[in-house]
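Peer 1: Before we start, here is the structure in question, set down as structure tokens.
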Amino acid sequence: MKWKLDQYKGVSPAVATPFKPNQDIDEEALRDLLTWYLDAGVHGISIAGSQGEFFALSTEERLRIIEIAMEVVNGKVPVYAGTGAVSTRESIYITQAAQAMGVDVVMLITPYFIQPSATELVVHYSEIATATKLPVLLYNNPPRTSVNITPETFQKCYEIENIVGIKDSSGDMTQIIEYLRLTDRQALVYSGRDTLTLDIILQGGAGAISPAANVFPKLVIRLYDAAKAGDFDTARHISDVLAPLRMAWAWASFPVVIKEAMALVGRGNGIARAPISGLSEEKKKSLRKILAAIESFELKICS
């Protein structure tokens, strides 16, 4: 494999796309967010993924936020661009456009709504991968797409030279271990669920494409560093402190809880694209308590 995979490890925020009150993309706010992440020391930037509400963006808007990310990051860290779509044809189009912008890695969510078979998934990913020169990460998120990439399907896809790994948001740790076992732990396996990040790192995973890093990038980086250094007590403590933020996702429709959390720590206005609406004042009050506890802990451990 010709890619130096070590450069694609660590913590990347699953960037939440900021919107203005009129629901247009707030390009200035996006630039500010990306700069903040870079200043925090993230190892990469993941743009136009599910936390970025790619499903609510036009293709032109999606490519625009990728373009902005490339301008702001300017080679400082790898950029992972979400380029998956329902159809193979559309996925290839977005992937090739992202390649032309100079992104480092493309991330391909499974087709959604249509529920392709395992054979169809392998063909889908094969056709996209052969249409680009970039390294490709598959993206498994069956709670959102109702399509699961089984370990056996991943193993077949991994035979394609430029498919280098997978981001998994299934929450199924047994399946994640199988991804690693069946590829002899060479594949880049990323956590997409913050409560499993520590476990995935300890099993030999590459790191996290993390929703929580939208709010607490330094703390998620500290978790990663502690785990890699063998300081498991610290890593476990951080994971436990962050867990209530993930559990709060059940309070409202995806992805507004993370966006509201960002707003409460001064990073945005909390707006998700309609029809998703904001949290009630009661839920915001509860979320403030969770954030205050995490912030207090972060001050102690990251100062």
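Chain labels follow the order of the structure tokens: the first chain is A, the next B, and so on; residue numbering restarts at 1 in every chain, and ligands are counted from 1 in their shown order.
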Can you build me a table of region 80-122 of chain A residues sitting at most 12 Å from region 205-229 of chain A, with the closest atom pair per residue and its distance in Å to one decimal, using only C-alpha atoms, sorted by chain and residue number, as CSV?

Peer 2:
residue,atom,partner,partner_atom,distance
A:Tyr80,CA,A:Ile209,CA,9.3
A:Ala81,CA,A:Ile209,CA,11.5
A:Gly82,CA,A:Ile209,CA,11.6
A:Met107,CA,A:Ile209,CA,10.8

Peer 1: Any idea what's packed within 9 Å of region 276-289 of chain A, counting only C-alpha atoms, ignoring anything in its chain fewer than 4 positions away? Could you give it as a PyMOL selection string?

Peer 2: chain A and resi 245+248+251-257+259-261+264-265+270-272+293-294

Peer 1: Restricting the output to C-alpha atoms, write the selected residues as a compact mmCIF listing (two decimals), in the first residue's frame.

Peer 2:
# COMPACT_ATOMS: atom_id res chain seq x y z
CA LEU A 245 -22.64 14.40 26.29
CA ALA A 248 -27.70 13.53 25.72
CA TRP A 251 -32.89 14.32 24.02
CA ALA A 252 -33.63 15.68 20.54
CA SER A 253 -33.30 15.02 16.82
CA PHE A 254 -29.84 14.50 15.33
CA PRO A 255 -27.60 16.53 15.17
CA VAL A 256 -28.93 19.42 17.20
CA VAL A 257 -27.63 18.41 20.64
CA LYS A 259 -24.81 22.10 17.88
CA GLU A 260 -26.60 23.37 20.99
CA ALA A 261 -23.62 22.28 23.10
CA LEU A 264 -23.45 27.00 24.96
CA VAL A 265 -19.64 27.06 24.99
CA GLY A 270 -27.01 26.01 17.71
CA ILE A 271 -29.03 26.12 14.50
CA ALA A 272 -29.60 22.91 12.55
CA ALA A 293 -18.93 19.43 34.60
CA ILE A 294 -16.87 18.63 31.49

Peer 1: From region 124-283 of chain A, collect each residue whose DSSP state is strand (DSSP E or B) and return the set as an mmCIF file with C-alpha atoms, in the first residue's frame.

Peer 2:
data_model
loop_
_atom_site.group_PDB
_atom_site.id
_atom_site.type_symbol
_atom_site.label_atom_id
_atom_site.label_comp_id
_atom_site.auth_asym_id
_atom_site.auth_seq_id
_atom_site.Cartn_x
_atom_site.Cartn_y
_atom_site.Cartn_z
ATOM 1 C CA VAL A 136 -10.836 5.921 0.782
ATOM 2 C CA LEU A 137 -12.480 5.384 4.159
ATOM 3 C CA LEU A 138 -15.783 3.574 4.271
ATOM 4 C CA TYR A 139 -18.311 4.989 6.722
ATOM 5 C CA ASN A 140 -20.632 2.661 8.576
ATOM 6 C CA ILE A 163 -9.670 1.509 0.425
ATOM 7 C CA VAL A 164 -7.615 2.001 3.575
ATOM 8 C CA GLY A 165 -10.104 1.758 6.430
ATOM 9 C CA ILE A 166 -13.470 2.524 7.926
ATOM 10 C CA LYS A 167 -15.164 4.939 10.279
ATOM 11 C CA ASP A 168 -17.679 3.045 12.372
ATOM 12 C CA LEU A 188 -7.441 2.428 9.678
ATOM 13 C CA VAL A 189 -10.462 1.902 11.909
ATOM 14 C CA TYR A 190 -11.888 5.097 13.381
ATOM 15 C CA SER A 191 -14.391 5.595 16.136
ATOM 16 C CA GLY A 207 -8.379 7.199 16.494
ATOM 17 C CA ALA A 208 -11.633 9.114 16.318
ATOM 18 C CA ILE A 209 -13.635 11.213 13.909
ATOM 19 C CA SER A 210 -15.354 12.720 16.862
#

Peer 1: Where does DSSP see alpha helix (DSSP H) in region 4-203 of chain A, if you list the residues as number ranges by chain?

Peer 2: A: 27-40, 59-73, 88-101, 118-130, 142-145, 151-158, 173-182, 197-202

Peer 1: Give me, as a list of chain:residue names, all polymer residues having an atom no more than 7 Å from Arg193 (chain A), counting only C-alpha atoms and skipping those fewer than 2 positions away in the same chain.

Peer 2: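 Once the nearby chain positions are removed, what remains is A:Ser169, A:Gly171, A:Ser191, A:Thr195, A:Leu196, A:Thr197, A:Ser210.
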
Peer 1: Take the residues that were just selected and, keeping N, CA and C atoms, output them as a PDB file, in the first residue's frame.

Peer 2:
ATOM      1  N   SER A 169     -19.729   3.977  13.222  1.00  0.00           N
ATOM      2  CA  SER A 169     -20.623   4.598  14.207  1.00  0.00           C
ATOM      3  C   SER A 169     -21.750   3.650  14.594  1.00  0.00           C
ATOM      4  N   GLY A 171     -21.721   1.370  16.979  1.00  0.00           N
ATOM      5  CA  GLY A 171     -21.805   1.077  18.406  1.00  0.00           C
ATOM      6  C   GLY A 171     -21.571  -0.384  18.726  1.00  0.00           C
ATOM      7  N   SER A 191     -13.168   5.490  15.348  1.00  0.00           N
ATOM      8  CA  SER A 191     -14.391   5.595  16.136  1.00  0.00           C
ATOM      9  C   SER A 191     -15.229   6.770  15.642  1.00  0.00           C
ATOM     10  N   THR A 195     -18.288   7.329  22.926  1.00  0.00           N
ATOM     11  CA  THR A 195     -18.235   6.423  24.073  1.00  0.00           C
ATOM     12  C   THR A 195     -17.393   5.175  23.788  1.00  0.00           C
ATOM     13  N   LEU A 196     -17.077   4.908  22.515  1.00  0.00           N
ATOM     14  CA  LEU A 196     -16.263   3.738  22.176  1.00  0.00           C
ATOM     15  C   LEU A 196     -14.856   4.115  21.721  1.00  0.00           C
ATOM     16  N   THR A 197     -14.537   5.395  21.719  1.00  0.00           N
ATOM     17  CA  THR A 197     -13.230   5.822  21.212  1.00  0.00           C
ATOM     18  C   THR A 197     -12.083   5.145  21.955  1.00  0.00           C
ATOM     19  N   SER A 210     -14.612  12.573  15.615  1.00  0.00           N
ATOM     20  CA  SER A 210     -15.354  12.720  16.862  1.00  0.00           C
ATOM     21  C   SER A 210     -16.354  13.871  16.876  1.00  0.00           C
TER      22      SER A 210
END

Peer 1: Between CA of Phe54 (chain A) and CA of Ala131 (chain A), what distance in Å does the model show, to one decimal?

Peer 2: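 CA of Ala131 (chain A) lies 21.3 Å from CA of Phe54 (chain A).
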
Peer 1: Taking 4 positions as the minimum chain separation for residues in the same chain, which residues sit within 10 Å of Glu178 (chain A) when counting only C-alpha atoms? Answer as a list in words.

Peer 2: Thr150, Pro151, Glu152, Phe154, Gln155, Met173, Thr174, Leu182, Thr183, Asp184 and Arg185 of chain A

Peer 1: Please produce a file of the residues just selected, as an mmCIF file, in the first residue's frame, where the atoms kept are N, CA and C atoms.

Peer 2:
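What ended up in selection.cif:
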data_model
loop_
_atom_site.group_PDB
_atom_site.id
_atom_site.type_symbol
_atom_site.label_atom_id
_atom_site.label_comp_id
_atom_site.auth_asym_id
_atom_site.auth_seq_id
_atom_site.Cartn_x
_atom_site.Cartn_y
_atom_site.Cartn_z
ATOM 1 N N THR A 150 -20.837 -5.297 7.097
ATOM 2 C CA THR A 150 -20.383 -6.412 7.927
ATOM 3 C C THR A 150 -18.866 -6.545 7.823
ATOM 4 N N PRO A 151 -18.253 -7.202 8.791
ATOM 5 C CA PRO A 151 -16.809 -7.425 8.690
ATOM 6 C C PRO A 151 -16.411 -8.144 7.404
ATOM 7 N N GLU A 152 -17.227 -9.080 6.960
ATOM 8 C CA GLU A 152 -16.914 -9.816 5.738
ATOM 9 C C GLU A 152 -16.970 -8.897 4.515
ATOM 10 N N PHE A 154 -16.494 -5.648 4.617
ATOM 11 C CA PHE A 154 -15.329 -4.761 4.731
ATOM 12 C C PHE A 154 -14.064 -5.466 4.275
ATOM 13 N N GLN A 155 -13.913 -6.711 4.634
ATOM 14 C CA GLN A 155 -12.727 -7.463 4.235
ATOM 15 C C GLN A 155 -12.615 -7.523 2.705
ATOM 16 N N MET A 173 -19.069 -3.057 19.220
ATOM 17 C CA MET A 173 -17.638 -3.235 19.430
ATOM 18 C C MET A 173 -17.155 -4.584 18.901
ATOM 19 N N THR A 174 -17.988 -5.603 18.969
ATOM 20 C CA THR A 174 -17.583 -6.900 18.429
ATOM 21 C C THR A 174 -17.313 -6.796 16.939
ATOM 22 N N LEU A 182 -9.802 -9.161 10.839
ATOM 23 C CA LEU A 182 -9.842 -9.708 9.482
ATOM 24 C C LEU A 182 -8.894 -8.996 8.525
ATOM 25 N N THR A 183 -8.410 -7.822 8.903
ATOM 26 C CA THR A 183 -7.428 -7.115 8.075
ATOM 27 C C THR A 183 -6.055 -7.131 8.725
ATOM 28 N N ASP A 184 -5.861 -8.023 9.683
ATOM 29 C CA ASP A 184 -4.592 -8.152 10.392
ATOM 30 C C ASP A 184 -4.162 -6.825 11.017
ATOM 31 N N ARG A 185 -5.155 -6.020 11.424
ATOM 32 C CA ARG A 185 -4.953 -4.741 12.109
ATOM 33 C C ARG A 185 -4.164 -3.713 11.283
#

Peer 1: Excluding same-chain residues fewer than 5 positions from Val123 (chain A), what lies within 9 Å of it counting only C-alpha atoms, as a PyMOL selection string?

Peer 2: chain A and resi 118+128+157

Peer 1: Given the selection you just returned, output its residues as a file containing N, CA and C atoms, formatted as an mmCIF file, in the first residue's frame.

Peer 2:
data_model
loop_
_atom_site.group_PDB
_atom_site.id
_atom_site.type_symbol
_atom_site.label_atom_id
_atom_site.label_comp_id
_atom_site.auth_asym_id
_atom_site.auth_seq_id
_atom_site.Cartn_x
_atom_site.Cartn_y
_atom_site.Cartn_z
ATOM 1 N N ALA A 118 -24.995 -6.829 0.331
ATOM 2 C CA ALA A 118 -23.549 -6.834 0.545
ATOM 3 C C ALA A 118 -22.803 -6.840 -0.788
ATOM 4 N N ILE A 128 -16.342 3.445 -6.993
ATOM 5 C CA ILE A 128 -15.928 4.776 -6.527
ATOM 6 C C ILE A 128 -14.420 4.802 -6.301
ATOM 7 N N CYS A 157 -13.958 -5.330 0.579
ATOM 8 C CA CYS A 157 -13.662 -3.973 0.102
ATOM 9 C C CYS A 157 -12.204 -3.614 0.330
#

Peer 1: Nearest residue to Pro142 (chain A) out of A:Thr110, A:His124, A:Asn162, A:Asp32, using only C-alpha atoms?

Peer 2: A:Thr110

Peer 1: Considering only C-alpha atoms, can you say which of A:Asn148, A:Asn22, A:Asn74, A:Ser46 comes closest to Gly10 (chain A)?

Peer 2: A:Ser46

Peer 1: For a quick check of understanding, using only C-alpha atoms, which of A:Asn269, A:Gln51, A:Thr234, A:Ser146 has the smallest distance to Lys300 (chain A)?

Peer 2: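 Nearest to Lys300 (chain A): A:Thr234.
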
Peer 1: For CA of Pro78 (chain A) and CA of Ala263 (chain A), quote the distance in Å rounded to one decimal.

Peer 2: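 Calculated distance between CA of Pro78 (chain A) and CA of Ala263 (chain A) is 26.0 Å.
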